[in-house]
There are 2 protein chains.
Amino acid sequence: MADKAQIQEAIKVQGEVVRKLKSEKASKEQIDEEVSKLLQLKAQIGGDDGKHQFVLKTAKGTRDYNPKQMAIREKVFNTILGCFKRHGAETIDTPVFELKETLTGKYGEDSKLIYDLKDQGGELLSLRYDLTVPFARYLAMNKITNIKRYHIAKVYRRDNPAMTRGRYREFYQCDFDIAGQYDAMIPDAECLKIVYEILSELDIGDFRIKVNDRRILDGMFAVCGVPDDKFRTICSTVDKLDKMPWEEVRKEMVSEKGLSEEAADQIGEYVSLQGGMELAERLLQDQKMSQSKQACAGLTDIKLLFSYLQLFQVTDKVVFDLSLARGLDYYTGIIYEGVLTQAGIAAEAQNGSGAEESVSVGSVAGGGRYDGLVGMFDPKGRKVPCVGVSIGIERIFSIMEQKAEASAQRVRTTEVQVMVVSAQKNLLEERLKLLTELWNAGIKAEVIYKKNPKLLSQLQYCEDSGIPLVAILGEQELKDGVVKLRAVATREEADISRADLIAEIKRRTSEA
Amino acid sequence: MADKAQIQEAIKVQGEVVRKLKSEKASKEQIDEEVSKLLQLKAQIGGDDGKHQFVLKTAKGTRDYNPKQMAIREKVFNTILGCFKRHGAETIDTPVFELKETLTGKYGEDSKLIYDLKDQGGELLSLRYDLTVPFARYLAMNKITNIKRYHIAKVYRRDNPAMTRGRYREFYQCDFDIAGQYDAMIPDAECLKIVYEILSELDIGDFRIKVNDRRILDGMFAVCGVPDDKFRTICSTVDKLDKMPWEEVRKEMVSEKGLSEEAADQIGEYVSLQGGMELAERLLQDQKMSQSKQACAGLTDIKLLFSYLQLFQVTDKVVFDLSLARGLDYYTGIIYEGVLTQAGIAAEAQNGSGAEESVSVGSVAGGGRYDGLVGMFDPKGRKVPCVGVSIGIERIFSIMEQKAEASAQRVRTTEVQVMVVSAQKNLLEERLKLLTELWNAGIKAEVIYKKNPKLLSQLQYCEDSGIPLVAILGEQELKDGVVKLRAVATREEADISRADLIAEIKRRTSEA
C-alpha cells in the first residue's frame, strides 16, 4: 500500500495533468478519464472534509441496464435465440476470462485491446475478446469435431468507446457457429440465412449482407502486384473502405504502406465491384484474376454459395462486394457482414454537427469461415473447419431504445398479473393470506409492503406499472367470502367468490 | 516484454519450485497450479521441439458448460426466474467489473479474494465479488429509493476452488432484493418465502432455512461480555459453527482471539439454541439478553417475521438459530441461510475417505437486511433500506447433474422438431427448399450438411439427438407432391401432401 504522502504527491501530479489537458482543450473523454483518476486518488485519502468520497460511476465504456432497457434487451435476445434454436443449435458457455496465452496471436493489431487481469499470483489471465477463440479452445480441449452451437455472452475490448453509437467496452455478442467437415458452402449459406432472418425479424430498417472471400482478396492482391508480406497490412487498409473514401484508402496504401501506384489503382478497380453470382462468373473469366488459383477457388465457392442462397430465398439482400475485408486474422474463406442501410439517420440528424457523435450506418453482424483456428490449439494441429456469425446487438439495442422512446407505447418491466389491495385499514394479514393463495397457484402477484396503504395509492401503482388486475379486499368482501376483481384498463369491478378467483384470474390474463 | 534469457531463467526457477513441492508431497491443487505456470513460461519461448505449445485448459477454478450441462442449467434458471417473476421483480444488469474503489471496504476479511484488473492506463478496476454491492452502487448513482429487482449473473472470487463440491472462482448468483422504506419484516418475510418456493420446486432434497439477526448477535456479544472492538472478529468465528464443532470454535475464541473463558461459555449456551417464535419470546424474557436494547429489537422483529411466515405457510422449514452469523460486513438486521439437509450424502459416500473432497451438507441460499450499504455510496449518506436473498446455484447444478447422470433419462440439448432427409442421391436442392419452407413457417428444422448423406445415418442422427419427426424426400414423394413424415419413436410413416405438411408438423409437435 502506498502511504499518504505518496498519494498526495500523486494527486498533485495528476491535478497538473488535468489542468494541462484542459488548457490544451483536449477531448471531453480524455479529460473525464484523467479527472476520474484524480478523484480516485483523492478518495484513497478521503476528501476535503475528511469524509470518504466515492466516484459514483461505472467503469469507462460500460453501462448499467435499467429495467426498461432490460425489457427491450430481452425482446432482442428472444428473437435471436428463437432463430438460433430454429436452426437446431445447442448452446455452451465458457468462462469470462481465459489464460492470456489462449488469446495471444489471434487478433492481429487488435491484440492491444485485450483486458488483462492483474497478476495476483497464479495464472496470467485475460478477459475474452470474442466468443470465437474460446469456442475454438473448447473444441480442441474436448476433441469435438462436429457441433452446431450458439453462445450469447459479454466480451471485452479496451477500445475507444463511442456509447451514443452503441460502441462499448463491455458488450454482448450472439454467436452461431457450425464446426465440422461438411460439403462446401452449405453451412456457410445457413449462416447468411440466419443473419437475414434475424435482421428481418427485428424490424430495424433495411439491410444488406455483404459477402467476400479471403482467398479472393489474397488472389486479387497477388495479381495486382502486392508483395506477399504486405497482404495483411493492405487488407487492413482495404477494410477501412466502409469508413473512408477510396482516395484516402489509396493514399494510405501508397504513402504509408509503400505500395506502388499501379498496384493501388488496380486494387481500386476491383474493390469498386459489387454484384451477385454473375459477378463471380465474370471474374472467373477475368484475364488477370483467373491467373490466381486461390481467387478462382474463392469465386467458384461464391457461385455455389449464391445457388444455395437462392434456395434459402435470401438473395435479395446479399451482395458480393470485393471491398469487404474484415479485420480479424483468423478468417480463411468466405467472410460477410450485415449492414443497416437506413438506421441511425435519425440519430445523426439529432446530433447535428457532431462528427464524433454521428451514427454511421453500421455493421450489426459479421462472420466468416475459419478453418485453421481450432488447429492452432490442437497439440497435433488437427483441423476442424468452422464457419460462424456474430450478431452485434449493442447497436441494435440503441436503435430499439430510440424506437421505444419515440413511440408512446409503454414498456412493461414486470409480468405481474394481479395486485392484492385492501379497501380499509388493518387488513394486512388478509392481504398476505390471499397473496399466498395466488403465489401457490402460480399467479404473479404483489402487495404494497405497508400495513395500511391508501386504496388510491395502491390503484395508482397498478396504473403506473401496467398491472392488469386488482384483487380488492374489504370488510364486506371478507364477510361475503368474495374478492372484488377490478380490471385496471376499464375500471370494471365484479365480486368473485374465493373458490373461483384463481380460475377467473387465469382466464382473464390468458386472454391478453 | 521479457527477453528469452530472462524467461529461461524464470523457467529454471519455476522448475525448482515444482520439484520442491513434489518432494514435499504438497497438495495436488498446489502442484497443478505451479506446473501450469511452468507450462505457460515454456509456451512463451516455444516448447522443446521449437513448436508453440499451448496449455489447453480453462483458468483455475473455472469451467466450461457443455450443451448437456447448459440444458440442466437452463432448467434451474427457469425455476428461479419463474419464482422471481411471480413475486413481481424487475431485472437490471451491471458491468462485470466496477471501479476498484466501489468494492473497497465492503467485504471485511474476504476483500483479499477480489480479482483486480491490470493497470493498463485508465481506471483501476475489479471484477464484481457479488451482485449486492453493484446493486447498491446502482441505486445510489440513480437516486432510486424503491425497487424490487432480480439479477442473475456471474461473480468472481479468488477463493480456493473445490469444484467437486460446486465451489468455483467464477459462479452464478441469482439475487432478489427489495429496496425501500416499508413496514418492518414484510419484505424480509417475502425473501424467505422465495427461498422456500425455489428449494421446494427444484426438488433437490429436504432443506431448512436458518434465521437470525445481527442485532441479536451483537446484543448477545454485549451481554456475554465481549469487548465492543471484538464483535466482528468473534462473529466471524461463530460463523464457522456450520463447519467446526463448538469445541474448536471455543478454542479459537479463547486462544486466538483472547476472549475470556466465561464469555465464550456464555456464548456457547446461546448459540446452541434453535427454535421458532416461542424461542424469541423466551429470550425476550431472558434476564441477561433482555438487558440489551439491540437484542430486544431483533427478537421483536423475529417474532413479527414468524407471524408473517405463518401467513406465507413456510414455518415448517424455518428455524430461528442463534449460531447463524454470516460473514459479510454489510448486514444490519435479519440474516438467513437455506441449507440442504440431505443432498451431498451420496457424493460423500462416493468419494470415500477424502476429507478434502467430502461434500458438506451445504448452504445454497443466503441473504439478509443491509440498511446501510446504499448510504455508503450516496454523497450525502442518504440511506435506502434493503433486504435480499442470493441463490447459489453452482451447488444446485452439481446436484442436478449428478441426478441427471444417475437417471436413465436423456437430456435433449436442442429443440429441433423435424429433420429433412433424402432417401436417394442428388436431392440436396430439394432438401434445402423444403427446409426453407419449414424455417419460414417457424418450425425448428435441420438437414445434414452433405450432398449425399446415407438415409440410415440421417435417421440415426435423429435417434441420437431426440428429434421426434423426420421428413423424407425421395423421387416418388417429389412426383406425388408429398413428404413421407416419420415418427422417430414409433417408426410409423405417412405420406403428407406438401400443402398440409406444416400444419401436420405443428399438430404433432404441440401434442408432446
# chains A, B, ... in the order shown; residues from 1 in each chain; ligands from 1
call {"tool": "select_by_dssp", "arguments": {"residues": "region 85-241 of chain A", "states": "strand (DSSP E or B)", "output": "PyMOL selection string"}}
result
chain A and resi 90-91+93+97-99+116-117+125-127+147-156+162+167+170-179+207-213
call {"tool": "residues_around", "arguments": {"residues": "region 413-418 of chain A", "least_positions_apart": "3", "cutoff": "10 Å", "atoms": "only C-alpha atoms", "output": "VMD selection string"}}
result
(chain A and resid 66 to 72 410 421 435 438 443 to 447 462 465 to 471 485 to 488 505 to 506 508 to 510) or (chain B and resid 84 to 92 148 to 149)
call {"tool": "select_by_dssp", "arguments": {"residues": "region 374-444 of chain A", "states": "helix (DSSP H, G or I)", "output": "ChimeraX atom specification"}}
result
/A:374-377,393-406,428-440
call {"tool": "atom_distance", "arguments": {"atom1": "CA of Gln274 (chain B)", "atom2": "CA of Ser323 (chain B)"}}
result
8.4 Å
call {"tool": "residues_around", "arguments": {"residues": "Val249 (chain B)", "least_positions_apart": "4", "cutoff": "8 Å", "atoms": "only C-alpha atoms", "output": "ChimeraX atom specification"}}
result
/B:237-238,240-241,244-245,253
call {"tool": "write_last_selection", "arguments": {"atoms": "N, CA, C and O atoms", "output": "CSV table (one decimal), in the first residue's frame"}}
result
chain,number,residue,atom,x,y,z
B,237,THR,N,-15.9,-15.9,13.9
B,237,THR,CA,-15.6,-17.3,14.5
B,237,THR,C,-16.9,-18.0,14.7
B,237,THR,O,-17.0,-19.2,14.4
B,238,VAL,N,-17.9,-17.4,15.2
B,238,VAL,CA,-19.2,-18.0,15.3
B,238,VAL,C,-19.7,-18.5,14.0
B,238,VAL,O,-20.3,-19.6,13.9
B,240,LYS,N,-18.2,-20.0,11.8
B,240,LYS,CA,-17.6,-21.3,11.4
B,240,LYS,C,-18.3,-22.5,12.1
B,240,LYS,O,-18.0,-23.6,11.8
B,241,LEU,N,-19.3,-22.2,12.9
B,241,LEU,CA,-20.0,-23.3,13.6
B,241,LEU,C,-20.7,-24.3,12.6
B,241,LEU,O,-20.9,-25.4,13.0
B,244,MET,N,-17.3,-26.4,11.9
B,244,MET,CA,-16.4,-26.8,13.0
B,244,MET,C,-17.3,-27.1,14.2
B,244,MET,O,-18.3,-26.5,14.4
B,245,PRO,N,-16.9,-28.1,15.1
B,245,PRO,CA,-17.6,-28.3,16.3
B,245,PRO,C,-17.4,-27.2,17.3
B,245,PRO,O,-16.4,-26.4,17.2
B,253,MET,N,-11.9,-18.7,19.9
B,253,MET,CA,-12.3,-17.5,20.6
B,253,MET,C,-11.3,-17.2,21.7
B,253,MET,O,-10.9,-16.1,21.9
call {"tool": "residues_around", "arguments": {"residues": "Val314 (chain B)", "least_positions_apart": "6", "cutoff": "9 Å", "atoms": "only C-alpha atoms", "output": "list in words"}}
result
Leu192, Lys193, Tyr196 and Glu197 of chain B
call {"tool": "residues_around", "arguments": {"residues": "Asp228 (chain B)", "least_positions_apart": "5", "cutoff": "10 Å", "atoms": "only C-alpha atoms", "output": "mmCIF file with N, CA and C atoms, in the first residue's frame"}}
result
data_model
loop_
_atom_site.group_PDB
_atom_site.id
_atom_site.type_symbol
_atom_site.label_atom_id
_atom_site.label_comp_id
_atom_site.auth_asym_id
_atom_site.auth_seq_id
_atom_site.Cartn_x
_atom_site.Cartn_y
_atom_site.Cartn_z
ATOM 1 N N ASP B 218 -25.120 -9.093 18.095
ATOM 2 C CA ASP B 218 -24.385 -8.024 18.762
ATOM 3 C C ASP B 218 -24.819 -7.879 20.213
ATOM 4 N N PHE B 221 -23.380 -10.693 22.190
ATOM 5 C CA PHE B 221 -21.960 -10.475 22.483
ATOM 6 C C PHE B 221 -21.821 -9.485 23.641
ATOM 7 N N ALA B 222 -22.629 -8.425 23.592
ATOM 8 C CA ALA B 222 -22.535 -7.397 24.625
ATOM 9 C C ALA B 222 -22.849 -7.979 26.008
#
call {"tool": "residues_around", "arguments": {"residues": "Thr341 (chain A)", "least_positions_apart": "3", "cutoff": "8 Å", "atoms": "only C-alpha atoms", "output": "list in words"}}
result
Gly205, Asp206, Phe207, Arg208, Val361 and Gly362 of chain A
call {"tool": "write_last_selection", "arguments": {"atoms": "N, CA and C atoms", "output": "CSV table (one decimal), in the first residue's frame"}}
result
chain,number,residue,atom,x,y,z
A,205,GLY,N,-35.2,-1.6,-39.9
A,205,GLY,CA,-34.8,-0.9,-41.2
A,205,GLY,C,-34.2,-1.9,-42.2
A,206,ASP,N,-34.0,-1.3,-43.4
A,206,ASP,CA,-33.5,-2.1,-44.5
A,206,ASP,C,-32.0,-2.5,-44.2
A,207,PHE,N,-31.6,-3.6,-44.8
A,207,PHE,CA,-30.2,-4.0,-44.6
A,207,PHE,C,-29.6,-4.7,-45.8
A,208,ARG,N,-28.3,-4.8,-45.9
A,208,ARG,CA,-27.7,-5.6,-46.9
A,208,ARG,C,-26.7,-6.6,-46.2
A,361,VAL,N,-23.9,4.5,-40.5
A,361,VAL,CA,-24.8,3.4,-40.9
A,361,VAL,C,-24.0,2.1,-40.7
A,362,GLY,N,-24.5,1.3,-39.7
A,362,GLY,CA,-23.5,0.4,-39.1
A,362,GLY,C,-23.6,-1.0,-39.4
call {"tool": "atom_distance", "arguments": {"atom1": "CA of Gly275 (chain A)", "atom2": "CA of Gly333 (chain A)"}}
result
18.4 Å
call {"tool": "residues_around", "arguments": {"residues": "Val254 (chain B)", "least_positions_apart": "6", "cutoff": "9 Å", "atoms": "only C-alpha atoms", "output": "ChimeraX atom specification"}}
result
/B:260-261,264
call {"tool": "closest_residue", "arguments": {"among": "B:Ile204, B:Gly121, B:Val96, B:Tyr138", "to": "Tyr156 (chain A)", "atoms": "only C-alpha atoms"}}
result
B:Val96
